[in-house]
Amino acid sequence: MIELGTLLAGPFAGRLLGDMGAEVIKVEAPGKPDPLRDWGQARFEGRTLWWPVQSRNKKCITLNLREPRGQELLLELVRVADVMTENFRPGTLERWNLGYEQLAAANPGIVLARISGYGQTGPYAERAGYASVAEAMGGLRYINGFPDEPPPRAGISLGDSLAAMFAVQGILAALYRRDVLGGDGRGQVVDVSLMEASFALLESTVPEYDRLGVVRGPTGTGLKGIAPSNIFKSRDDLWIVIAANQDTVFRRLCNAIGRPELADDARFATHLARGDNQEAIEGVVAEWAARHDAREIDRLLNDAGVVCGPIYTVAEIFDDPQFRAREMLVEHVDSEFGPYIGPGIVPKFSATPGAIRWSGTWEEGSHNEDVYRGLLGLTATEVDELRKAGVV
């Protein structure tokens, strides 16, 4: 797989595929590396801790795609690749004579995943796009937060990550169609929009507006009409999620909190009734939770089969045995500052588990020799001449 582009969406798709075992070749412009190498406010020994995780399992090469020889070399890589990803503004590859037509001429089986703010077509196609705006225009931002307050964002680049995951789904589906369903060996373009990736998560809001004129808005810490399902503060001032809106689970909750009669109370006996009386039933749960410590709530309700769990900080994630048991806190080894803990691999495969083969490397073009000489068969002299000419 060849990864073009910088920062988040495209490179996150490359990381996900690399975690699953793909050979990922990350292309950076000589002297103009991916800005993610320096992004992130936290520093350890002068280095950001975002880059080495995002670029794990990737072979980093330099290649100037604005130069004709650089374009030729990319096409040589395409000939031996299955997938290429890019997250430039639409039209950029075409200006470099590297559009899908040229790629498919070099390798008819290539799958090209294109990630952009608004997609490759439509009146907004050429706009620059960031996750913050994609989440806003895709509808996610408006339904987040509390009524009559400014709509907040999540503390991550959610739109980028969603687009990357949709891109990976599209890539795998296109490869399956190429190699199994279609049987013709031809690839295709996978066109992913950050805005559409955000929009895809809106559940029933679209038909609700179309048929009923309902504009769903923010509901704070819970969902309107879904009760009891909210956050509740424990006696030791910790927040815990209790989600018992399903009838059978609600009955278990009633028994666990010593109020079995509530399960047969007409105000709370059904899902719809509890939604109509949301404030009342969640008030009962809140009063009960306030008399117990968070650990006790977690133990009592989980033993009773009620869905609940604490709201974790990353420090509490580190202390939770489930994350360790599932290998979601995994040691990486950085070439400059040694071992550190990074996130594990999702999903888990029984027969072909992924692996973190190496942490992201810091030297620009650290795998030039491996790729240009080992994969493309260039000589050391040829690689040195390309370097001097500013091509690699």
# chains A, B, ... in the order shown; residues from 1 in each chain; ligands from 1
$ residues_around --residues "range 73-86 of chain A" --least-positions-apart "5" --cutoff "10 Å" --atoms "only C-alpha atoms" --output "ChimeraX atom specification"
/A:1-6,9-11,13-14,22-27,63-65,67-68,92-93,98,102-116,164,167-168,171-172,174-175,187-190,371-372,375-376,391-392
$ residues_around --residues "range 137-148 of chain A" --least-positions-apart "5" --cutoff "6 Å" --atoms "only C-alpha atoms" --output "short mmCIF file (atom, residue, chain, number, x, y, z; two decimals) with N, CA, C and O atoms, in the first residue's frame"
data_model
loop_
_atom_site.label_atom_id
_atom_site.label_comp_id
_atom_site.auth_asym_id
_atom_site.auth_seq_id
_atom_site.Cartn_x
_atom_site.Cartn_y
_atom_site.Cartn_z
N MET A 195 -17.11 15.18 5.64
CA MET A 195 -18.45 15.63 5.98
C MET A 195 -19.44 14.47 5.94
O MET A 195 -20.28 14.31 6.82
N SER A 198 -19.11 12.02 8.83
CA SER A 198 -19.77 12.53 10.03
C SER A 198 -21.29 12.39 9.89
O SER A 198 -21.98 11.94 10.83
N PHE A 199 -21.80 12.74 8.74
CA PHE A 199 -23.24 12.67 8.46
C PHE A 199 -23.78 11.24 8.60
O PHE A 199 -24.91 11.03 9.03
N GLY A 217 -31.94 18.12 18.40
CA GLY A 217 -30.95 19.01 18.98
C GLY A 217 -30.16 18.35 20.07
O GLY A 217 -30.31 17.15 20.34
N PRO A 218 -29.31 19.11 20.72
CA PRO A 218 -28.47 18.55 21.79
C PRO A 218 -29.31 18.20 23.01
O PRO A 218 -30.31 18.86 23.32
N THR A 219 -28.91 17.16 23.71
CA THR A 219 -29.67 16.69 24.88
C THR A 219 -28.80 16.56 26.12
O THR A 219 -29.19 15.90 27.09
N GLY A 220 -27.65 17.16 26.12
CA GLY A 220 -26.81 17.13 27.31
C GLY A 220 -26.17 15.78 27.55
O GLY A 220 -25.60 15.17 26.64
#
$ residues_around --residues "Asp38 in chain A" --least-positions-apart "2" --cutoff "10 Å" --atoms "only C-alpha atoms" --output "list in words"
Pro33, Asp34, Pro35, Leu36, Gly40, Gln41, Arg43, Gly46, Arg47, Thr48, Leu49, Trp50 and Trp51 of chain A
$ select_by_dssp --residues "range 168-377 of chain A" --states "strand (DSSP E)" --output "number ranges by chain"
A: 189-193, 229-233, 239-243, 307-310, 329-334, 338-343
$ select_by_dssp --residues "range 39-241 of chain A" --states "helix (DSSP H, G or I)" --output "number ranges by chain"
A: 51-54, 68-79, 92-95, 100-106, 131-137, 158-181, 194-199, 205-212
$ atom_distance --atom1 "CA of Gly390 in chain A" --atom2 "CA of Glu72 in chain A"
14.2 Å
$ closest_residue --among "A:Phe12, A:Trp288, A:Phe318, A:Phe323" --to "Met165 in chain A" --atoms "only C-alpha atoms"
A:Phe12
$ atom_distance --atom1 "CA of Ala42 in chain A" --atom2 "CA of Leu158 in chain A"
19.5 Å
$ closest_residue --among "A:Ala227, A:Val330, A:Ala163, A:Ala380" --to "Gln278 in chain A" --atoms "only C-alpha atoms"
A:Ala227
$ atom_distance --atom1 "CA of Gln120 in chain A" --atom2 "CA of Asp191 in chain A"
6.7 Å
$ closest_residue --among "A:Ile61, A:Val215, A:Ile311, A:Ala29" --to "Ile231 in chain A" --atoms "only C-alpha atoms"
A:Ile311
$ closest_residue --among "A:Val133, A:Ala263, A:Pro52, A:Lys58" --to "Gly21 in chain A" --atoms "only C-alpha atoms"
A:Lys58
$ closest_residue --among "A:Phe88, A:Tyr124, A:Trp239, A:Phe250" --to "Gly305 in chain A" --atoms "only C-alpha atoms"
A:Phe250
$ decode --residues "range 17-54 of chain A" --atoms "N, CA, C and O atoms" --output "mmCIF file, in the first residue's frame"
data_model
loop_
_atom_site.group_PDB
_atom_site.id
_atom_site.type_symbol
_atom_site.label_atom_id
_atom_site.label_comp_id
_atom_site.auth_asym_id
_atom_site.auth_seq_id
_atom_site.Cartn_x
_atom_site.Cartn_y
_atom_site.Cartn_z
ATOM 1 N N LEU A 17 -4.515 -0.144 8.376
ATOM 2 C CA LEU A 17 -4.166 -1.251 7.477
ATOM 3 C C LEU A 17 -2.801 -1.837 7.839
ATOM 4 O O LEU A 17 -2.595 -3.047 7.757
ATOM 5 N N GLY A 18 -1.865 -0.972 8.242
ATOM 6 C CA GLY A 18 -0.566 -1.474 8.682
ATOM 7 C C GLY A 18 -0.679 -2.347 9.910
ATOM 8 O O GLY A 18 0.019 -3.356 10.043
ATOM 9 N N ASP A 19 -1.572 -1.954 10.843
ATOM 10 C CA ASP A 19 -1.800 -2.779 12.033
ATOM 11 C C ASP A 19 -2.269 -4.177 11.647
ATOM 12 O O ASP A 19 -1.967 -5.163 12.332
ATOM 13 N N MET A 20 -3.041 -4.273 10.563
ATOM 14 C CA MET A 20 -3.576 -5.565 10.125
ATOM 15 C C MET A 20 -2.562 -6.377 9.333
ATOM 16 O O MET A 20 -2.838 -7.518 8.960
ATOM 17 N N GLY A 21 -1.398 -5.804 9.064
ATOM 18 C CA GLY A 21 -0.357 -6.561 8.378
ATOM 19 C C GLY A 21 0.031 -6.045 7.019
ATOM 20 O O GLY A 21 0.941 -6.601 6.385
ATOM 21 N N ALA A 22 -0.635 -4.993 6.523
ATOM 22 C CA ALA A 22 -0.287 -4.462 5.207
ATOM 23 C C ALA A 22 1.118 -3.856 5.227
ATOM 24 O O ALA A 22 1.545 -3.287 6.232
ATOM 25 N N GLU A 23 1.810 -3.979 4.119
ATOM 26 C CA GLU A 23 3.073 -3.268 3.936
ATOM 27 C C GLU A 23 2.738 -1.870 3.451
ATOM 28 O O GLU A 23 2.226 -1.700 2.341
ATOM 29 N N VAL A 24 2.992 -0.875 4.277
ATOM 30 C CA VAL A 24 2.615 0.504 3.981
ATOM 31 C C VAL A 24 3.861 1.324 3.691
ATOM 32 O O VAL A 24 4.788 1.373 4.503
ATOM 33 N N ILE A 25 3.865 1.959 2.524
ATOM 34 C CA ILE A 25 4.957 2.858 2.151
ATOM 35 C C ILE A 25 4.424 4.278 2.212
ATOM 36 O O ILE A 25 3.557 4.666 1.418
ATOM 37 N N LYS A 26 4.917 5.048 3.171
ATOM 38 C CA LYS A 26 4.469 6.424 3.354
ATOM 39 C C LYS A 26 5.383 7.361 2.571
ATOM 40 O O LYS A 26 6.605 7.352 2.762
ATOM 41 N N VAL A 27 4.785 8.170 1.707
ATOM 42 C CA VAL A 27 5.537 9.083 0.851
ATOM 43 C C VAL A 27 5.468 10.500 1.426
ATOM 44 O O VAL A 27 4.378 11.022 1.681
ATOM 45 N N GLU A 28 6.644 11.111 1.621
ATOM 46 C CA GLU A 28 6.725 12.499 2.055
ATOM 47 C C GLU A 28 7.576 13.284 1.064
ATOM 48 O O GLU A 28 8.504 12.745 0.462
ATOM 49 N N ALA A 29 7.254 14.568 0.907
ATOM 50 C CA ALA A 29 8.046 15.410 0.008
ATOM 51 C C ALA A 29 9.403 15.693 0.632
ATOM 52 O O ALA A 29 9.488 15.974 1.836
ATOM 53 N N PRO A 30 10.484 15.625 -0.126
ATOM 54 C CA PRO A 30 11.813 15.920 0.436
ATOM 55 C C PRO A 30 11.854 17.319 1.034
ATOM 56 O O PRO A 30 11.493 18.302 0.386
ATOM 57 N N GLY A 31 12.264 17.404 2.282
ATOM 58 C CA GLY A 31 12.357 18.692 2.946
ATOM 59 C C GLY A 31 11.043 19.276 3.420
ATOM 60 O O GLY A 31 11.018 20.324 4.068
ATOM 61 N N LYS A 32 9.926 18.624 3.099
ATOM 62 C CA LYS A 32 8.606 19.088 3.525
ATOM 63 C C LYS A 32 7.826 17.897 4.093
ATOM 64 O O LYS A 32 6.870 17.418 3.493
ATOM 65 N N PRO A 33 8.249 17.395 5.228
ATOM 66 C CA PRO A 33 7.655 16.176 5.769
ATOM 67 C C PRO A 33 6.243 16.414 6.300
ATOM 68 O O PRO A 33 5.771 17.556 6.390
ATOM 69 N N ASP A 34 5.611 15.343 6.662
ATOM 70 C CA ASP A 34 4.279 15.398 7.257
ATOM 71 C C ASP A 34 4.331 16.279 8.511
ATOM 72 O O ASP A 34 5.119 16.021 9.424
ATOM 73 N N PRO A 35 3.484 17.325 8.589
ATOM 74 C CA PRO A 35 3.485 18.185 9.790
ATOM 75 C C PRO A 35 3.208 17.428 11.075
ATOM 76 O O PRO A 35 3.540 17.916 12.166
ATOM 77 N N LEU A 36 2.604 16.239 10.976
ATOM 78 C CA LEU A 36 2.297 15.485 12.183
ATOM 79 C C LEU A 36 3.568 15.098 12.940
ATOM 80 O O LEU A 36 3.512 14.805 14.129
ATOM 81 N N ARG A 37 4.696 15.122 12.261
ATOM 82 C CA ARG A 37 5.963 14.850 12.949
ATOM 83 C C ARG A 37 6.193 15.832 14.102
ATOM 84 O O ARG A 37 6.960 15.532 15.025
ATOM 85 N N ASP A 38 5.526 16.987 14.030
ATOM 86 C CA ASP A 38 5.751 18.003 15.063
ATOM 87 C C ASP A 38 4.454 18.436 15.743
ATOM 88 O O ASP A 38 4.467 19.378 16.529
ATOM 89 N N TRP A 39 3.343 17.778 15.450
ATOM 90 C CA TRP A 39 2.066 18.169 16.049
ATOM 91 C C TRP A 39 1.901 17.561 17.438
ATOM 92 O O TRP A 39 2.489 16.526 17.751
ATOM 93 N N GLY A 40 1.052 18.196 18.232
ATOM 94 C CA GLY A 40 0.793 17.738 19.583
ATOM 95 C C GLY A 40 1.551 18.598 20.575
ATOM 96 O O GLY A 40 2.756 18.831 20.426
ATOM 97 N N GLN A 41 0.860 19.106 21.577
ATOM 98 C CA GLN A 41 1.489 20.021 22.521
ATOM 99 C C GLN A 41 2.422 19.305 23.502
ATOM 100 O O GLN A 41 3.430 19.861 23.923
ATOM 101 N N ALA A 42 2.087 18.094 23.884
ATOM 102 C CA ALA A 42 2.918 17.365 24.840
ATOM 103 C C ALA A 42 4.206 16.894 24.162
ATOM 104 O O ALA A 42 4.199 16.455 23.014
ATOM 105 N N ARG A 43 5.304 17.011 24.861
ATOM 106 C CA ARG A 43 6.607 16.601 24.336
ATOM 107 C C ARG A 43 7.298 15.670 25.332
ATOM 108 O O ARG A 43 7.228 15.864 26.542
ATOM 109 N N PHE A 44 7.964 14.644 24.801
ATOM 110 C CA PHE A 44 8.811 13.780 25.611
ATOM 111 C C PHE A 44 10.196 13.794 24.997
ATOM 112 O O PHE A 44 10.366 13.406 23.827
ATOM 113 N N GLU A 45 11.143 14.277 25.755
ATOM 114 C CA GLU A 45 12.512 14.436 25.266
ATOM 115 C C GLU A 45 12.536 15.192 23.936
ATOM 116 O O GLU A 45 13.264 14.843 23.003
ATOM 117 N N GLY A 46 11.687 16.227 23.864
ATOM 118 C CA GLY A 46 11.658 17.091 22.696
ATOM 119 C C GLY A 46 10.850 16.572 21.531
ATOM 120 O O GLY A 46 10.758 17.250 20.498
ATOM 121 N N ARG A 47 10.250 15.403 21.647
ATOM 122 C CA ARG A 47 9.526 14.807 20.532
ATOM 123 C C ARG A 47 8.025 14.688 20.837
ATOM 124 O O ARG A 47 7.634 14.442 21.974
ATOM 125 N N THR A 48 7.218 14.871 19.797
ATOM 126 C CA THR A 48 5.798 14.611 19.926
ATOM 127 C C THR A 48 5.565 13.105 20.046
ATOM 128 O O THR A 48 6.333 12.302 19.493
ATOM 129 N N LEU A 49 4.510 12.729 20.742
ATOM 130 C CA LEU A 49 4.199 11.311 20.907
ATOM 131 C C LEU A 49 3.080 10.866 19.971
ATOM 132 O O LEU A 49 2.637 9.715 20.030
ATOM 133 N N TRP A 50 2.635 11.758 19.093
ATOM 134 C CA TRP A 50 1.574 11.420 18.146
ATOM 135 C C TRP A 50 2.150 10.734 16.904
ATOM 136 O O TRP A 50 1.661 9.701 16.455
ATOM 137 N N TRP A 51 3.198 11.327 16.350
ATOM 138 C CA TRP A 51 3.797 10.797 15.127
ATOM 139 C C TRP A 51 4.209 9.327 15.229
ATOM 140 O O TRP A 51 3.874 8.531 14.343
ATOM 141 N N PRO A 52 4.941 8.907 16.270
ATOM 142 C CA PRO A 52 5.421 7.514 16.261
ATOM 143 C C PRO A 52 4.304 6.484 16.304
ATOM 144 O O PRO A 52 4.471 5.384 15.768
ATOM 145 N N VAL A 53 3.154 6.839 16.901
ATOM 146 C CA VAL A 53 2.015 5.910 16.890
ATOM 147 C C VAL A 53 1.321 5.929 15.531
ATOM 148 O O VAL A 53 1.039 4.881 14.941
ATOM 149 N N GLN A 54 1.044 7.134 15.014
ATOM 150 C CA GLN A 54 0.331 7.246 13.737
ATOM 151 C C GLN A 54 1.129 6.614 12.599
ATOM 152 O O GLN A 54 0.544 6.132 11.626
#
